[in-house]
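A.B. asks: Sharing a structure here in C-alpha cells format.
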Amino acid sequence: MEAELSGHYADPSALQFLWVELTNQCNLQCSHCYADSGPQTSGRDVLDSAQYRQLIVDAHNAGCRRIQFIGGEPTLNPDLPALIELCTDLGYAFIEVFTNLTRVSDGLLTCFKRNGVHVATSVYASKSEIHDAITRHPGSFYRTVNTLRRLLEAGIPVRAGIITMVENAGETESTVRFLTDLGVEKIGIDRVRQFGRGGVTERPDMQELCGECAGNILCVGSDGKISPCIMSKLWSVGSFLYTPFNELVSSAKLATTRAEIKRATSQRLKDGSGSSTNIYTICDPKTCGPYSTCSPTTGPGPCGPSGCTPCFPKG
C-alpha cells in the first residue's frame, strides 16, 4: 500500500484528494456552519445516484485515491453505503466520512468496518449544554458521543475537530481532555471561518482560506459545482453537470483560481493583516508533503494529500 501511494503522489498532475458533498441538508443547524446547512436545505441537492457514481469513477480515472464524503450530513443520503463500496471496488486507498455521528446505524457502522472507512466528526465542548447550543439540537451531544464510543470499540479510525467560537470560549482544553479520555487520538483545533453562517460579510475574502486548496485537490458540491476545496465554493470553476470531469480538472479556470488563492493566502501570511492571521492550518504530521508548512502538529487539518489527514470542512 505504501509503495502504491508513494508512486501515485510522485505524479504532480494526479488529482490527490476529493471531497464529495452527498447533500447540503443536515439534521443539525450549527451556528457557524460554512455550508449554511440545515433541515430545510435539501433543495440545493441536484446530483443523483448515477451521477455520484460517475463522479467517483471519473475522479479515480484522474488519479485520485483519497476521498471524503461530506455534507450537510452525508448519512442522510441513502446511497452512502453503496458509494463506499464502489470506492473500495475501484481501489481508493483512503475513504473517510465526515459526519455529526447522530444517525449512524449498526448497518452503516458495519459498512465502515468492512471497507476500512475512516470517520471524522466535530465535538464543540465536553458539556452537553454548550455543544447542543451550537448544533441547535438538544440531545445531539449524547448521540455523537455514544457513536464515538461505538466506533472506537469497533476499531474504526476516528478523528475529531474542535472549532473555537464565542459559544464555547474557554472550553478547548477540557474538550481535548474529554476526547482523549474517550480514546480519540487525533484531535484538531480550528477557529470559525467567515463563510456561510460563520461569516460576517456577504462576500468573504479569499484570505479566509487556509491556502492548501491551491494544490491539486477538489470539492464537488451536491449541486454539481466544482471548487478548489469545501471552503472555496464561492469560487466555483464549473459544473460536473455540464462539463466532463476531466475537462474541469485540467481547465484554465481552475488553474487561475488556484493561483489567485495562493496569492491571497500568501499575502495574508506576509502582511499579517485581518482576522485570517489566526487560521490554524493543522496538518498531521507537520512534515507531510507537499504541504510542509502546516502547523501545529496537534491533529488533522486542511491538508489532505500525500499522507496528511484531510481537512475538517465542517468543524
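Naming works like this for the C-alpha cells: A, B, ... for the chains as they're shown, residue 1 at the start of each chain, ligands 1 onward in shown order.
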Please provide as a list of chain:residue names all residues within 12 Å of Glu129 in chain A, with the sequence filter that same-chain residues fewer than 6 positions apart are discarded (counting only C-alpha atoms).
C.D. replies: A:Thr135, A:Arg136, A:His137, A:Pro138, A:Gly139, A:Ser140, A:Phe141, A:Tyr142, A:Glu167, A:Asn168
A.B. asks: Can you list every residue of range 1-112 of chain A that has an atom at most 9 Å from range 152-161 of chain A, with its nearest atom pair and the distance in Å to one decimal, using only C-alpha atoms, ordered by chain then number, as a Markdown table?
C.D. replies:
```
| residue | atom | partner | partner_atom | distance |
| --- | --- | --- | --- | --- |
| A:Leu109 | CA | A:Ala154 | CA | 8.4 |
| A:Thr110 | CA | A:Ala154 | CA | 8.9 |
| A:Phe112 | CA | A:Ile156 | CA | 7.4 |
```
A.B. asks: Residues within 6 Å of Val119 in chain A, please, as a PyMOL selection string. Count only C-alpha atoms; anything in the same chain fewer than 3 positions from it doesn't count.
C.D. replies: chain A and resi 96-98+158
A.B. asks: Pick out the closest residue to Ser232 in chain A from this set: A:Ser42, A:Thr257, A:Ser49, A:Ser250. Count only C-alpha atoms.
C.D. replies: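 Going through A:Ser42, A:Thr257, A:Ser49, A:Ser250 one by one, the smallest distance to Ser232 in chain A is for A:Thr257.
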A.B. asks: List every residue of range 33-230 of chain A that DSSP, applied to the backbone, labels as strand (DSSP E or B), and write the result as a PyMOL selection string.
C.D. replies: chain A and resi 38+66-70+94-98+118-122+158-164+186-191+217-220+225-227
A.B. asks: Using 9 Å as the limit and counting only C-alpha atoms, can you tabulate each residue of range 73-143 of chain A that touches range 14-35 of chain A, with its shortest atom-to-atom distance in Å and the two atoms involved, as CSV?
C.D. replies:
```
residue,atom,partner,partner_atom,distance
A:Glu73,CA,A:Cys26,CA,4.7
A:Pro74,CA,A:Leu22,CA,5.3
A:Thr75,CA,A:Leu22,CA,8.3
A:Leu76,CA,A:Thr23,CA,7.4
A:Asn77,CA,A:Leu22,CA,6.2
A:Asp79,CA,A:Leu22,CA,8.6
A:Leu80,CA,A:Leu22,CA,7.8
A:Asn100,CA,A:Leu28,CA,8.3
A:Thr102,CA,A:Asn27,CA,8.6
A:Asp132,CA,A:Cys30,CA,8.9
A:Ala133,CA,A:Cys30,CA,8.4
A:Ile134,CA,A:Cys30,CA,5.3
A:Thr135,CA,A:Cys30,CA,4.0
A:Arg136,CA,A:Gln29,CA,5.8
A:His137,CA,A:Leu28,CA,6.0
A:Ser140,CA,A:Leu28,CA,8.1
```
A.B. asks: Given the selection you just returned, output its residues as a file containing N, CA and C atoms, formatted as a PDB file, in the first residue's frame.
C.D. replies:
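Okay, this is what ended up in result-v3.pdb:
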```pdb
ATOM      1  N   GLU A  73     -25.096  16.595   6.097  1.00  0.00           N
ATOM      2  CA  GLU A  73     -24.856  15.363   6.842  1.00  0.00           C
ATOM      3  C   GLU A  73     -24.933  14.209   5.854  1.00  0.00           C
ATOM      4  N   PRO A  74     -23.782  13.604   5.500  1.00  0.00           N
ATOM      5  CA  PRO A  74     -23.747  12.601   4.433  1.00  0.00           C
ATOM      6  C   PRO A  74     -24.575  11.357   4.703  1.00  0.00           C
ATOM      7  N   THR A  75     -24.814  11.043   5.981  1.00  0.00           N
ATOM      8  CA  THR A  75     -25.607   9.851   6.270  1.00  0.00           C
ATOM      9  C   THR A  75     -27.080  10.036   5.922  1.00  0.00           C
ATOM     10  N   LEU A  76     -27.490  11.256   5.585  1.00  0.00           N
ATOM     11  CA  LEU A  76     -28.856  11.485   5.121  1.00  0.00           C
ATOM     12  C   LEU A  76     -29.056  10.990   3.692  1.00  0.00           C
ATOM     13  N   ASN A  77     -27.967  10.775   2.971  1.00  0.00           N
ATOM     14  CA  ASN A  77     -28.059  10.238   1.616  1.00  0.00           C
ATOM     15  C   ASN A  77     -28.043   8.713   1.695  1.00  0.00           C
ATOM     16  N   ASP A  79     -27.572   6.558  -0.412  1.00  0.00           N
ATOM     17  CA  ASP A  79     -26.600   5.919  -1.295  1.00  0.00           C
ATOM     18  C   ASP A  79     -25.211   5.816  -0.676  1.00  0.00           C
ATOM     19  N   LEU A  80     -25.009   6.379   0.505  1.00  0.00           N
ATOM     20  CA  LEU A  80     -23.670   6.396   1.097  1.00  0.00           C
ATOM     21  C   LEU A  80     -23.032   4.997   1.164  1.00  0.00           C
ATOM     22  N   ASN A 100     -21.780  14.065  11.667  1.00  0.00           N
ATOM     23  CA  ASN A 100     -22.015  14.524  13.045  1.00  0.00           C
ATOM     24  C   ASN A 100     -22.292  13.360  13.997  1.00  0.00           C
ATOM     25  N   THR A 102     -24.797  11.499  14.622  1.00  0.00           N
ATOM     26  CA  THR A 102     -26.066  11.402  15.347  1.00  0.00           C
ATOM     27  C   THR A 102     -27.002  10.352  14.756  1.00  0.00           C
ATOM     28  N   ASP A 132     -24.815  21.358  22.431  1.00  0.00           N
ATOM     29  CA  ASP A 132     -26.169  21.391  21.871  1.00  0.00           C
ATOM     30  C   ASP A 132     -26.610  22.809  21.512  1.00  0.00           C
ATOM     31  N   ALA A 133     -26.097  23.789  22.225  1.00  0.00           N
ATOM     32  CA  ALA A 133     -26.425  25.180  21.887  1.00  0.00           C
ATOM     33  C   ALA A 133     -25.829  25.556  20.536  1.00  0.00           C
ATOM     34  N   ILE A 134     -24.668  24.996  20.230  1.00  0.00           N
ATOM     35  CA  ILE A 134     -24.011  25.280  18.953  1.00  0.00           C
ATOM     36  C   ILE A 134     -24.688  24.529  17.813  1.00  0.00           C
ATOM     37  N   THR A 135     -25.066  23.273  18.051  1.00  0.00           N
ATOM     38  CA  THR A 135     -25.734  22.487  17.000  1.00  0.00           C
ATOM     39  C   THR A 135     -27.204  22.856  16.862  1.00  0.00           C
ATOM     40  N   ARG A 136     -27.733  23.556  17.875  1.00  0.00           N
ATOM     41  CA  ARG A 136     -29.145  23.940  17.910  1.00  0.00           C
ATOM     42  C   ARG A 136     -30.061  22.726  17.865  1.00  0.00           C
ATOM     43  N   HIS A 137     -29.594  21.655  18.533  1.00  0.00           N
ATOM     44  CA  HIS A 137     -30.367  20.418  18.522  1.00  0.00           C
ATOM     45  C   HIS A 137     -30.161  19.688  19.851  1.00  0.00           C
ATOM     46  N   SER A 140     -28.028  16.218  20.825  1.00  0.00           N
ATOM     47  CA  SER A 140     -27.029  15.868  19.804  1.00  0.00           C
ATOM     48  C   SER A 140     -25.703  15.440  20.442  1.00  0.00           C
TER      49      SER A 140
END
```
A.B. asks: What is the CA of Leu179 in chain A to CA of Asn146 in chain A distance in Å?
C.D. replies: 12.0 Å
